[in-house]
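Visitor: Quick one: the structure is below, questions incoming.
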Amino acid sequence: MANSMKTADQLIVEKHTASLHQGFHLAPELKNGKLPALGDHRWTADLILSTWVQAETGKPPTNGLEHRVGNSGGGFDVLDFKFLPEDRRLSDDVTVDLSIPLNRRPYDRQIEIPIPFYGAGMSFGSISEQVMCARAKAAQAWKTFTCTGEGGYPGSLLAYKDHVITQVATGMFGVREETIQHAPIIEFKYAQGAKPGLGGHLLGDKVTSSVASMRESLPWVSLFSPFPFHSVYSVEDHKKHVDWIKTINPEALVSVKVSTPTDIDMVAVGSYYAGAHIVHIDGSYGGTGAAPEIAKKTIAMPIEFAIPKVHRYLLQEGIRQEVVVMASGGIRTAYDVAKAIALGADGAVLGTAELVALGCTRCSNCERGRGCPFGLTTTDPELSQLVEMDWGAERLGNLYRSFQLQLSDLLRRLGLTSIRDLVGKTDLLIYCGRPGAR
Amino acid sequence: MYHRYHLQTSPAPEIAPFPNRTRVKVSKRGLAVHLLKELIRYRRNPEVALSRPCVYGVFSGPVGGFAPRSNSCVGCLRCTIEHPEMVQVNLNPKHQHLGDSYFTPEHVDTICYEARTGRIPVKGAGYRGRFGGEGWDGMWTDMSEIVRPTRDGIHGREFISTSVDIGQKPPFLTLDEQGVTTGEGVRTFSIPIPVFFDVPPAPVLSRKFIEILVRAAQEAGTLLVLPAEVLSKFAFQGQQIVPLVGRDAHTLPKLRFTPRMIELDGGNEALLMETRAHFPEVTICLRYEVASKEELVRHYRSGFRVFHLVANYHGRGRNGRFVLDLIREAHKTFVELSCRDEVTLLGSGGIIAAEHVPKAIICGLDAVAVDTPLLAALQAQFVDECADREKSRFRLPRRLAVEWGVQRLKNFLTSWRDQLLEVLGAMGLREVRRLRGEIGRAMFQKELEREAFSGIEGYGQ
């Protein structure tokens, strides 16, 4: 469309979109140095900028940006791998298998994904429809999954339905028979890492008429997903939920998303016996939506501690081979994915990393006013246009490709041909938390 | 009559300039050139040329980016990403100098937000801080996947009690032949929140400042510790005031009212007896810096039942140990003596964030006394390092107003109470009293790390 035909609003969006895209390209080149106010302990400026590089090029950066670890001083940031000496590493022509199963039980539908991660639940309302579709399109291209979050199932997602997990959470927003029937996997969200034990809260400012319509509520009125499911007070109650889903969609796999309390190991075992195919543990340091700071920092344990606890307990119970453990809540890099697997997960779930790939600077203003100034966590009609679906899907696909490259390289350096052989291999890790330990 | 605890919050904006975290710098020449180019390019749509890369109003002044409004900047960096050649967003050195090495600029930001709004700080995009660390940072609280009351309690549909009892309880009741209790009975009183105001440092003890504390404590139904001499000097009195009496007790007879509690500063048995003689019905609390558990037991045996354990403003006790460890040790000491329910443990020093309250209670405190957060809420500036209670210096705003100060402290307390409710709600606890000493509802980094990482090469070396 010629400029003369476009409205001023279209031109404004176009102008800023072009400047932003150029900015995401230029900033990691460091011609003006690193942005002085960018980054924090968990997501350092290096990590954010290197994620932008990966989202643009499909490869890790080569200009010295640290793309593997942050500067948090603990967890994944103090773990490294014990790589083999160069002469014992697998050569580049050896094929390595990054696929993981999402059902390890001998019955029910068998689904595999070719990369050991999929996208986390982010609801329509907390993010824009464009971002949702970009994630779904990338998931389809990579034969993996993304998740609706608890905010309904926009019609535009139907084109990608074989790669969209429908989330069922306590507010039941957008949960309908057809949205259950569309989905190959149903995720029950019992709790989430960013607000463990507290439920969800979509601020009134974000409940636009389209969001309200999707959630069957009133515009501009805050929406609460209460905590907990008031119909579930035991594993048996949870089994009833699973049965209910199975009645509507017998083919669906069931994922149970839980937070990380002290008894997370027992929760995992209970979920398994209630029929879950996937136990998705969500640590406290992640999360994309607005959450009380006290909850993120203080309540429930970080994922790095929860994964081995769950893995070992499932092993002791003799059921580890029948359940898939997915980890989320602070997975930022390909190295984090690999470390999570080495600690005992089968795979990882990405949330914030995807938003950073789309331009998030982690300024934490998702909930303020019109929402994200980059058009990600917003339903503002103008701001949300800053992210085009195709551009977003390409960025995410590139990030996945970079993660794939790094994970393949990492396995070769460890002498492994399959990511499945890395599960629980803590003997391949090295702790470098204290000076001199590395 | 049943009274549901509620504090009225109301916006109380800063009265003294508060440095923003970031500072926006725009090259005027660069902007002029850019603007000119855009006006030519979009000559038919000047609003496109003039549209700005900020949704928070940094460039919304009459001359736009030529005089950026840095105080509106939230640090999203969109402007500098779009226009790196002419916009720079830097960390503001004035902001980085807020507080001190323990009370960091982020803590000051948070307290000011709480005092300004009365709300729980809510942010998106995950946690930004360090993984764990020493002291409070190496501790997490538990949650339950399925237990009530939780969100309902947080939103007031179910009741979660934050009341705590202060005083002494006998291990059991003694009855005479007629079934009437004899000897020492239960002598406690309740405060509706487990947070009260600790004694402020001497240099800030002006009449106006004290009036703010006295009124805020009264409206919140909590306590305020003030030196007895100051009370005599300014003639303040009220049930919310806890006189702090020095070692010589000469101020005791000068007290013009009967408080609910008196704190004895590092007292001894003789002082305890003398205070009891003057105020037989009053709860007497021993305030002192804990150094050893033997000392604590000695004080218990000399008759003290209420203890206010004090650390310096950075949370360090007399022997350099962190307040968290001191609290745990004190609690454990009384558990081992089988008398924990007979005593009350209060504590202060280094408790500077809302999360520290439930953590301190889990470690064994019944209630927490806050000190430097009150000063930060009232926009006091820290002068250099402020660790030592005697030597630290703070500068209060010149235009300190009583109404404003009272509202700031009420907002602050409301925010801290609501955050306590979040933590209790996540655990499914109905009352804060049940949290005391519940170490099983806490997770410590050292233990979690040992459990998760032992066996990994390099760990423990």
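So you can find residues: chains in the structure tokens are A, B, ... in the order shown, residues in each start at 1, and ligands are numbered from 1 in order.
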Could you name the residues that touch Thr361 in chain A at 9 Å or less, counting only C-alpha atoms, but leaving out those on the same chain fewer than 2 positions away, as a CSV table (one decimal) with C-alpha atoms, in the first residue's frame?

Guide:
chain,number,residue,atom,x,y,z
A,38,LEU,CA,19.5,-2.7,30.3
A,39,GLY,CA,19.4,-6.0,32.2
A,45,ALA,CA,22.3,-7.0,29.2
A,48,ILE,CA,19.0,-9.9,26.4
A,355,LEU,CA,9.2,-12.5,24.8
A,356,VAL,CA,12.8,-11.3,25.0
A,359,GLY,CA,11.9,-7.4,21.9
A,363,CYS,CA,11.3,-3.4,32.1
A,364,SER,CA,8.6,-5.0,34.2
A,374,PHE,CA,6.9,-3.0,22.7
B,76,CYS,CA,11.6,0.5,29.1
B,77,LEU,CA,14.4,1.8,26.8
B,78,ARG,CA,12.1,1.9,23.7

Visitor: Taking the chain letters and numbering used in this document, name the residues of range 307-453 of chain B that DSSP puts in strand (DSSP E or B), as a list in words.

Guide: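 The strand (DSSP E or B) residues within range 307-453 of chain B come out as Phe307, His308, Leu309, Val310, Arg316, Phe322, Thr344, Leu345, Leu346, Gly347, Ser348, Ala367, Val368, Ala369, Val370, Gln381, Phe382, Val383, Arg393, Phe394, Arg395, Glu431, Ala442, Met443 and Phe444 of chain B.
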
Visitor: Once you count only C-alpha atoms, which residues of chain B turn out to be within 6 Å of chain A? Could you give them as a JSON list (two decimals) with N, CA and C atoms, in the first residue's frame?

Guide:
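Result saved to result_15.json:
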[["chain", "number", "residue", "atom", "x", "y", "z"],
["B", 48, "VAL", "N", 2.40, 12.10, 12.33],
["B", 48, "VAL", "CA", 3.28, 10.93, 12.23],
["B", 48, "VAL", "C", 4.71, 11.37, 12.55],
["B", 76, "CYS", "N", 11.90, 1.54, 30.12],
["B", 76, "CYS", "CA", 11.58, 0.50, 29.13],
["B", 76, "CYS", "C", 12.61, 0.49, 28.00],
["B", 81, "ILE", "N", 16.29, 2.37, 22.02],
["B", 81, "ILE", "CA", 16.39, 1.30, 21.02],
["B", 81, "ILE", "C", 15.99, 1.84, 19.65],
["B", 82, "GLU", "N", 14.94, 2.68, 19.64],
["B", 82, "GLU", "CA", 14.51, 3.25, 18.36],
["B", 82, "GLU", "C", 15.50, 4.29, 17.84],
["B", 90, "ASN", "N", 20.33, 6.46, 30.95],
["B", 90, "ASN", "CA", 21.37, 6.03, 31.88],
["B", 90, "ASN", "C", 20.77, 5.81, 33.26],
["B", 91, "LEU", "N", 21.49, 5.03, 34.05],
["B", 91, "LEU", "CA", 21.09, 4.91, 35.45],
["B", 91, "LEU", "C", 21.41, 6.23, 36.13],
["B", 121, "PRO", "N", 3.63, -4.11, 45.84],
["B", 121, "PRO", "CA", 4.38, -3.92, 44.58],
["B", 121, "PRO", "C", 4.15, -5.10, 43.63],
["B", 122, "VAL", "N", 3.68, -4.78, 42.44],
["B", 122, "VAL", "CA", 3.40, -5.80, 41.43],
["B", 122, "VAL", "C", 4.17, -5.43, 40.17],
["B", 123, "LYS", "N", 4.88, -6.40, 39.63],
["B", 123, "LYS", "CA", 5.61, -6.14, 38.39],
["B", 123, "LYS", "C", 5.53, -7.36, 37.48],
["B", 124, "GLY", "N", 5.77, -7.14, 36.22],
["B", 124, "GLY", "CA", 5.75, -8.25, 35.28],
["B", 124, "GLY", "C", 7.14, -8.74, 34.96],
["B", 125, "ALA", "N", 7.19, -9.74, 34.10],
["B", 125, "ALA", "CA", 8.44, -10.25, 33.52],
["B", 125, "ALA", "C", 9.38, -10.92, 34.51],
["B", 126, "GLY", "N", 8.83, -11.54, 35.53],
["B", 126, "GLY", "CA", 9.67, -12.39, 36.38],
["B", 126, "GLY", "C", 10.53, -11.64, 37.38],
["B", 127, "TYR", "N", 11.28, -12.43, 38.09],
["B", 127, "TYR", "CA", 12.13, -11.92, 39.17],
["B", 127, "TYR", "C", 13.43, -11.39, 38.59],
["B", 128, "ARG", "N", 13.93, -10.31, 39.16],
["B", 128, "ARG", "CA", 15.10, -9.63, 38.58],
["B", 128, "ARG", "C", 16.35, -9.71, 39.46],
["B", 129, "GLY", "N", 16.19, -10.19, 40.66],
["B", 129, "GLY", "CA", 17.30, -10.08, 41.62],
["B", 129, "GLY", "C", 18.27, -11.25, 41.58],
["B", 130, "ARG", "N", 19.09, -11.30, 42.59],
["B", 130, "ARG", "CA", 20.07, -12.38, 42.70],
["B", 130, "ARG", "C", 19.36, -13.67, 43.06],
["B", 131, "PHE", "N", 20.02, -14.78, 42.82],
["B", 131, "PHE", "CA", 19.39, -16.09, 43.00],
["B", 131, "PHE", "C", 18.99, -16.31, 44.46],
["B", 140, "TRP", "N", 13.26, -19.25, 51.41],
["B", 140, "TRP", "CA", 11.99, -19.16, 50.69],
["B", 140, "TRP", "C", 10.88, -19.72, 51.57],
["B", 141, "THR", "N", 9.67, -19.27, 51.31],
["B", 141, "THR", "CA", 8.54, -19.78, 52.09],
["B", 141, "THR", "C", 7.76, -20.78, 51.26],
["B", 142, "ASP", "N", 7.02, -21.61, 51.96],
["B", 142, "ASP", "CA", 6.31, -22.71, 51.32],
["B", 142, "ASP", "C", 4.99, -22.24, 50.72],
["B", 143, "MET", "N", 4.38, -23.07, 49.93],
["B", 143, "MET", "CA", 3.02, -22.82, 49.44],
["B", 143, "MET", "C", 2.31, -24.16, 49.35],
["B", 146, "ILE", "N", -3.22, -26.93, 46.97],
["B", 146, "ILE", "CA", -4.68, -27.11, 47.00],
["B", 146, "ILE", "C", -5.37, -26.63, 48.28],
["B", 151, "ARG", "N", -6.65, -17.41, 48.13],
["B", 151, "ARG", "CA", -7.02, -16.18, 47.44],
["B", 151, "ARG", "C", -8.25, -15.55, 48.12],
["B", 426, "ALA", "N", -0.79, -18.18, 50.51],
["B", 426, "ALA", "CA", -0.13, -19.19, 49.67],
["B", 426, "ALA", "C", 0.09, -20.47, 50.45],
["B", 452, "ALA", "N", 20.05, -30.74, 46.33],
["B", 452, "ALA", "CA", 19.98, -30.78, 44.86],
["B", 452, "ALA", "C", 21.33, -31.01, 44.21],
["B", 456, "ILE", "N", 27.42, -33.29, 42.68],
["B", 456, "ILE", "CA", 27.93, -32.57, 41.51],
["B", 456, "ILE", "C", 29.35, -32.12, 41.81],
["B", 457, "GLU", "N", 30.25, -32.41, 40.91],
["B", 457, "GLU", "CA", 31.66, -32.08, 41.12],
["B", 457, "GLU", "C", 31.84, -30.59, 41.42],
["B", 458, "GLY", "N", 32.61, -30.31, 42.43],
["B", 458, "GLY", "CA", 32.87, -28.92, 42.78],
["B", 458, "GLY", "C", 31.99, -28.42, 43.90],
["B", 459, "TYR", "N", 30.86, -29.11, 44.15],
["B", 459, "TYR", "CA", 29.98, -28.65, 45.21],
["B", 459, "TYR", "C", 30.56, -29.05, 46.58]]

Visitor: Write out as JSON, numbers by chain each polymer residue whose atoms come within 12 Å of Asp418 in chain B, counting only C-alpha atoms; drop sequence neighbours fewer than 4 positions from it.

Guide: {"A": [292, 294, 295], "B": [5, 6, 7, 9, 114, 118, 119, 120, 121, 151, 153, 154, 155, 156, 160, 161, 162, 193, 354, 355, 357, 358, 411, 412, 413, 414, 422, 423, 424, 425]}

Visitor: Pick out the residues sitting within 7 Å of range 396-405 of chain B, and hand them over as a list in words; count only C-alpha atoms, and ignore anything fewer than 6 positions along from it in its own chain.

Guide: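 Those residues are Ala12, Ala16, Lys208, Glu211, Ile212, Leu378, Gln379, Ala380 and Gln381 of chain B.
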
Visitor: For the selection you just gave me, I'd like the residues written to a file as a short mmCIF file (atom, residue, chain, number, x, y, z; two decimals), in the first residue's frame, keeping N, CA and C atoms.

Guide:
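out_38.cif written:
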data_model
loop_
_atom_site.label_atom_id
_atom_site.label_comp_id
_atom_site.auth_asym_id
_atom_site.auth_seq_id
_atom_site.Cartn_x
_atom_site.Cartn_y
_atom_site.Cartn_z
N ALA B 12 -0.28 9.19 48.95
CA ALA B 12 0.52 10.18 49.69
C ALA B 12 1.83 10.38 48.92
N ALA B 16 9.38 15.46 49.03
CA ALA B 16 10.73 15.91 48.66
C ALA B 16 11.06 15.25 47.33
N LYS B 208 7.55 16.93 65.83
CA LYS B 208 6.72 16.62 64.67
C LYS B 208 6.89 15.16 64.24
N GLU B 211 5.23 12.93 66.68
CA GLU B 211 3.77 13.01 66.55
C GLU B 211 3.27 12.12 65.40
N ILE B 212 4.04 12.10 64.33
CA ILE B 212 3.66 11.23 63.20
C ILE B 212 3.63 9.78 63.66
N LEU B 378 9.24 7.92 55.25
CA LEU B 378 9.07 9.36 55.45
C LEU B 378 10.14 10.15 54.68
N GLN B 379 10.72 9.50 53.73
CA GLN B 379 11.69 10.12 52.82
C GLN B 379 12.93 10.65 53.51
N ALA B 380 13.34 10.03 54.60
CA ALA B 380 14.60 10.43 55.23
C ALA B 380 15.76 9.95 54.36
N GLN B 381 16.76 10.79 54.24
CA GLN B 381 17.95 10.39 53.48
C GLN B 381 18.96 9.75 54.42
#

Visitor: Check the DSSP output for the backbone and give back, as a PyMOL selection string, the residues of range 76-147 of chain B in alpha helix (DSSP H).

Guide: chain B and resi 78-82+93-96+105-117

Visitor: For the residues in that selection, give me C-alpha atoms as a PDB file, in the first residue's frame.

Guide:
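Output saved as part-v8.pdb:
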ATOM      1  CA  ARG B  78      12.123   1.872  23.744  1.00  0.00           C
ATOM      2  CA  CYS B  79      13.336   5.400  22.940  1.00  0.00           C
ATOM      3  CA  THR B  80      17.003   4.496  22.993  1.00  0.00           C
ATOM      4  CA  ILE B  81      16.390   1.298  21.020  1.00  0.00           C
ATOM      5  CA  GLU B  82      14.510   3.247  18.355  1.00  0.00           C
ATOM      6  CA  PRO B  93      23.626   8.312  40.018  1.00  0.00           C
ATOM      7  CA  LYS B  94      21.413  10.154  42.504  1.00  0.00           C
ATOM      8  CA  HIS B  95      19.126   7.152  42.616  1.00  0.00           C
ATOM      9  CA  GLN B  96      22.038   4.783  43.025  1.00  0.00           C
ATOM     10  CA  PRO B 105      18.193   1.841  46.332  1.00  0.00           C
ATOM     11  CA  GLU B 106      15.766  -0.927  45.333  1.00  0.00           C
ATOM     12  CA  HIS B 107      14.655  -1.240  48.953  1.00  0.00           C
ATOM     13  CA  VAL B 108      14.157   2.522  49.157  1.00  0.00           C
ATOM     14  CA  ASP B 109      12.147   2.443  45.912  1.00  0.00           C
ATOM     15  CA  THR B 110       9.943  -0.319  47.228  1.00  0.00           C
ATOM     16  CA  ILE B 111       9.304   1.284  50.618  1.00  0.00           C
ATOM     17  CA  CYS B 112       8.496   4.606  48.973  1.00  0.00           C
ATOM     18  CA  TYR B 113       6.072   2.903  46.590  1.00  0.00           C
ATOM     19  CA  GLU B 114       4.408   1.153  49.519  1.00  0.00           C
ATOM     20  CA  ALA B 115       4.193   4.368  51.550  1.00  0.00           C
ATOM     21  CA  ARG B 116       2.960   6.348  48.568  1.00  0.00           C
ATOM     22  CA  THR B 117       0.234   3.952  47.467  1.00  0.00           C
TER      23      THR B 117
END

Visitor: Excluding His97 in chain B and its own-chain neighbours fewer than 4 positions away, which residues fall within 10 Å of it when counting only C-alpha atoms? Please give them as number ranges by chain.

Guide: B: 19, 92-93, 101, 104-105, 381-384

Visitor: May I have the residues from that selection written out with N, CA and C atoms, as an mmCIF file, in the first residue's frame?

Guide:
data_model
loop_
_atom_site.group_PDB
_atom_site.id
_atom_site.type_symbol
_atom_site.label_atom_id
_atom_site.label_comp_id
_atom_site.auth_asym_id
_atom_site.auth_seq_id
_atom_site.Cartn_x
_atom_site.Cartn_y
_atom_site.Cartn_z
ATOM 1 N N PRO B 19 14.659 10.897 43.378
ATOM 2 C CA PRO B 19 15.362 10.660 42.107
ATOM 3 C C PRO B 19 14.833 9.434 41.378
ATOM 4 N N ASN B 92 20.503 6.681 36.957
ATOM 5 C CA ASN B 92 20.665 7.969 37.617
ATOM 6 C C ASN B 92 21.568 7.825 38.850
ATOM 7 N N PRO B 93 22.730 8.466 38.860
ATOM 8 C CA PRO B 93 23.626 8.312 40.018
ATOM 9 C C PRO B 93 22.971 8.734 41.331
ATOM 10 N N SER B 101 24.597 0.441 51.891
ATOM 11 C CA SER B 101 24.975 -0.849 51.304
ATOM 12 C C SER B 101 23.991 -1.962 51.667
ATOM 13 N N THR B 104 19.338 -0.999 50.159
ATOM 14 C CA THR B 104 19.748 -0.634 48.798
ATOM 15 C C THR B 104 18.749 0.330 48.144
ATOM 16 N N PRO B 105 19.137 0.955 47.031
ATOM 17 C CA PRO B 105 18.193 1.841 46.332
ATOM 18 C C PRO B 105 16.894 1.122 45.973
ATOM 19 N N GLN B 381 16.763 10.795 54.238
ATOM 20 C CA GLN B 381 17.954 10.388 53.480
ATOM 21 C C GLN B 381 18.960 9.751 54.420
ATOM 22 N N PHE B 382 19.563 8.691 53.963
ATOM 23 C CA PHE B 382 20.618 8.058 54.744
ATOM 24 C C PHE B 382 21.903 8.846 54.498
ATOM 25 N N VAL B 383 22.601 9.191 55.563
ATOM 26 C CA VAL B 383 23.883 9.882 55.404
ATOM 27 C C VAL B 383 24.987 8.840 55.612
ATOM 28 N N ASP B 384 25.673 8.536 54.544
ATOM 29 C CA ASP B 384 26.705 7.491 54.549
ATOM 30 C C ASP B 384 26.116 6.139 54.978
#

Visitor: Counting only C-alpha atoms, what is within 12 Å of Ser70 in chain B, bar same-chain residues fewer than 4 positions away, as a list in words?

Guide: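 Using only C-alpha atoms, the neighbours found are Phe18, Pro19, Asn20, Arg21, Thr22, Arg23, Val24, Lys25, Val26, Cys54, Tyr56, Gly57, Val58, Phe59, Ser60, Gly61, Gly64, Gly65, Phe66, Val74, Gly75, Val87, Gln88, Val89, Asn90, Leu91 and Asn92 of chain B.
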
Visitor: Please save N, CA and C atoms of the selected residues as a CSV table (one decimal), in the first residue's frame.

Guide:
chain,number,residue,atom,x,y,z
B,18,PHE,N,12.3,13.0,44.6
B,18,PHE,CA,12.7,11.6,44.7
B,18,PHE,C,13.4,11.2,43.3
B,19,PRO,N,14.7,10.9,43.4
B,19,PRO,CA,15.4,10.7,42.1
B,19,PRO,C,14.8,9.4,41.4
B,20,ASN,N,14.6,9.6,40.1
B,20,ASN,CA,14.1,8.5,39.3
B,20,ASN,C,15.3,7.5,39.0
B,21,ARG,N,14.9,6.3,38.8
B,21,ARG,CA,16.0,5.3,38.6
B,21,ARG,C,16.8,5.6,37.3
B,22,THR,N,16.2,6.1,36.3
B,22,THR,CA,16.9,6.4,35.1
B,22,THR,C,16.9,7.9,34.7
B,23,ARG,N,17.8,8.2,33.8
B,23,ARG,CA,17.9,9.6,33.4
B,23,ARG,C,17.9,9.6,31.9
B,24,VAL,N,17.1,10.4,31.2
B,24,VAL,CA,17.0,10.4,29.8
B,24,VAL,C,17.8,11.6,29.2
B,25,LYS,N,18.7,11.3,28.3
B,25,LYS,CA,19.5,12.4,27.7
B,25,LYS,C,19.2,12.4,26.2
B,26,VAL,N,18.9,13.5,25.7
B,26,VAL,CA,18.6,13.6,24.2
B,26,VAL,C,19.6,14.6,23.6
B,54,CYS,N,7.6,7.1,23.1
B,54,CYS,CA,7.4,6.8,24.6
B,54,CYS,C,6.0,6.9,24.9
B,56,TYR,N,4.9,6.8,28.0
B,56,TYR,CA,4.8,7.2,29.4
B,56,TYR,C,5.0,8.7,29.6
B,57,GLY,N,5.1,9.4,28.5
B,57,GLY,CA,5.1,10.9,28.5
B,57,GLY,C,6.4,11.5,28.8
B,58,VAL,N,7.5,10.8,28.6
B,58,VAL,CA,8.8,11.5,28.8
B,58,VAL,C,9.0,12.6,27.8
B,59,PHE,N,8.5,12.4,26.6
B,59,PHE,CA,8.7,13.5,25.6
B,59,PHE,C,7.4,14.3,25.3
B,60,SER,N,6.5,14.3,26.3
B,60,SER,CA,5.2,14.9,26.1
B,60,SER,C,5.1,16.4,26.5
B,61,GLY,N,6.3,17.0,26.9
B,61,GLY,CA,6.2,18.4,27.4
B,61,GLY,C,6.0,19.3,26.2
B,64,GLY,N,8.7,18.7,23.8
B,64,GLY,CA,8.9,17.3,23.5
B,64,GLY,C,10.3,16.9,24.0
B,65,GLY,N,11.0,16.2,23.1
B,65,GLY,CA,12.3,15.6,23.4
B,65,GLY,C,13.4,16.6,23.7
B,66,PHE,N,13.1,17.9,23.4
B,66,PHE,CA,14.2,18.9,23.7
B,66,PHE,C,14.3,19.1,25.3
B,74,VAL,N,10.2,5.0,32.8
B,74,VAL,CA,10.1,3.8,33.6
B,74,VAL,C,11.2,2.8,33.2
B,75,GLY,N,12.1,3.3,32.3
B,75,GLY,CA,13.2,2.4,32.0
B,75,GLY,C,12.9,1.3,31.0
B,87,VAL,N,19.2,9.3,21.6
B,87,VAL,CA,18.7,9.2,23.0
B,87,VAL,C,19.5,8.2,23.8
B,88,GLN,N,19.8,8.6,25.0
B,88,GLN,CA,20.5,7.7,25.9
B,88,GLN,C,19.7,7.7,27.2
B,89,VAL,N,19.5,6.4,27.7
B,89,VAL,CA,18.9,6.3,29.0
B,89,VAL,C,19.9,5.7,30.0
B,90,ASN,N,20.3,6.5,30.9
B,90,ASN,CA,21.4,6.0,31.9
B,90,ASN,C,20.8,5.8,33.3
B,91,LEU,N,21.5,5.0,34.0
B,91,LEU,CA,21.1,4.9,35.4
B,91,LEU,C,21.4,6.2,36.1
B,92,ASN,N,20.5,6.7,37.0
B,92,ASN,CA,20.7,8.0,37.6
B,92,ASN,C,21.6,7.8,38.9

Visitor: Neighbours of Met261 in chain B within 6 Å (only C-alpha atoms; same-chain residues fewer than 2 positions away dropped), as a short mmCIF file (atom, residue, chain, number, x, y, z; two decimals) with N, CA and C atoms, in the first residue's frame?

Guide:
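In the end it all went to part-v9.cif:
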data_model
loop_
_atom_site.label_atom_id
_atom_site.label_comp_id
_atom_site.auth_asym_id
_atom_site.auth_seq_id
_atom_site.Cartn_x
_atom_site.Cartn_y
_atom_site.Cartn_z
N VAL B 242 5.29 2.46 73.99
CA VAL B 242 6.07 1.59 74.88
C VAL B 242 7.29 2.39 75.33
N PRO B 259 1.45 2.42 80.58
CA PRO B 259 1.45 1.82 79.24
C PRO B 259 1.07 0.34 79.30
N VAL B 282 1.86 -4.09 84.21
CA VAL B 282 2.38 -3.82 82.86
C VAL B 282 3.33 -4.94 82.40
N THR B 283 3.24 -5.27 81.12
CA THR B 283 4.16 -6.25 80.53
C THR B 283 5.55 -5.62 80.44
N ILE B 284 6.53 -6.35 80.90
CA ILE B 284 7.89 -5.80 80.88
C ILE B 284 8.74 -6.60 79.91
#

Visitor: Tell me, in Å to one decimal, how far CA of Gly149 in chain A is from CA of Ser384 in chain A.

Guide: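 One can read the CA of Gly149 in chain A to CA of Ser384 in chain A distance as 18.0 Å.
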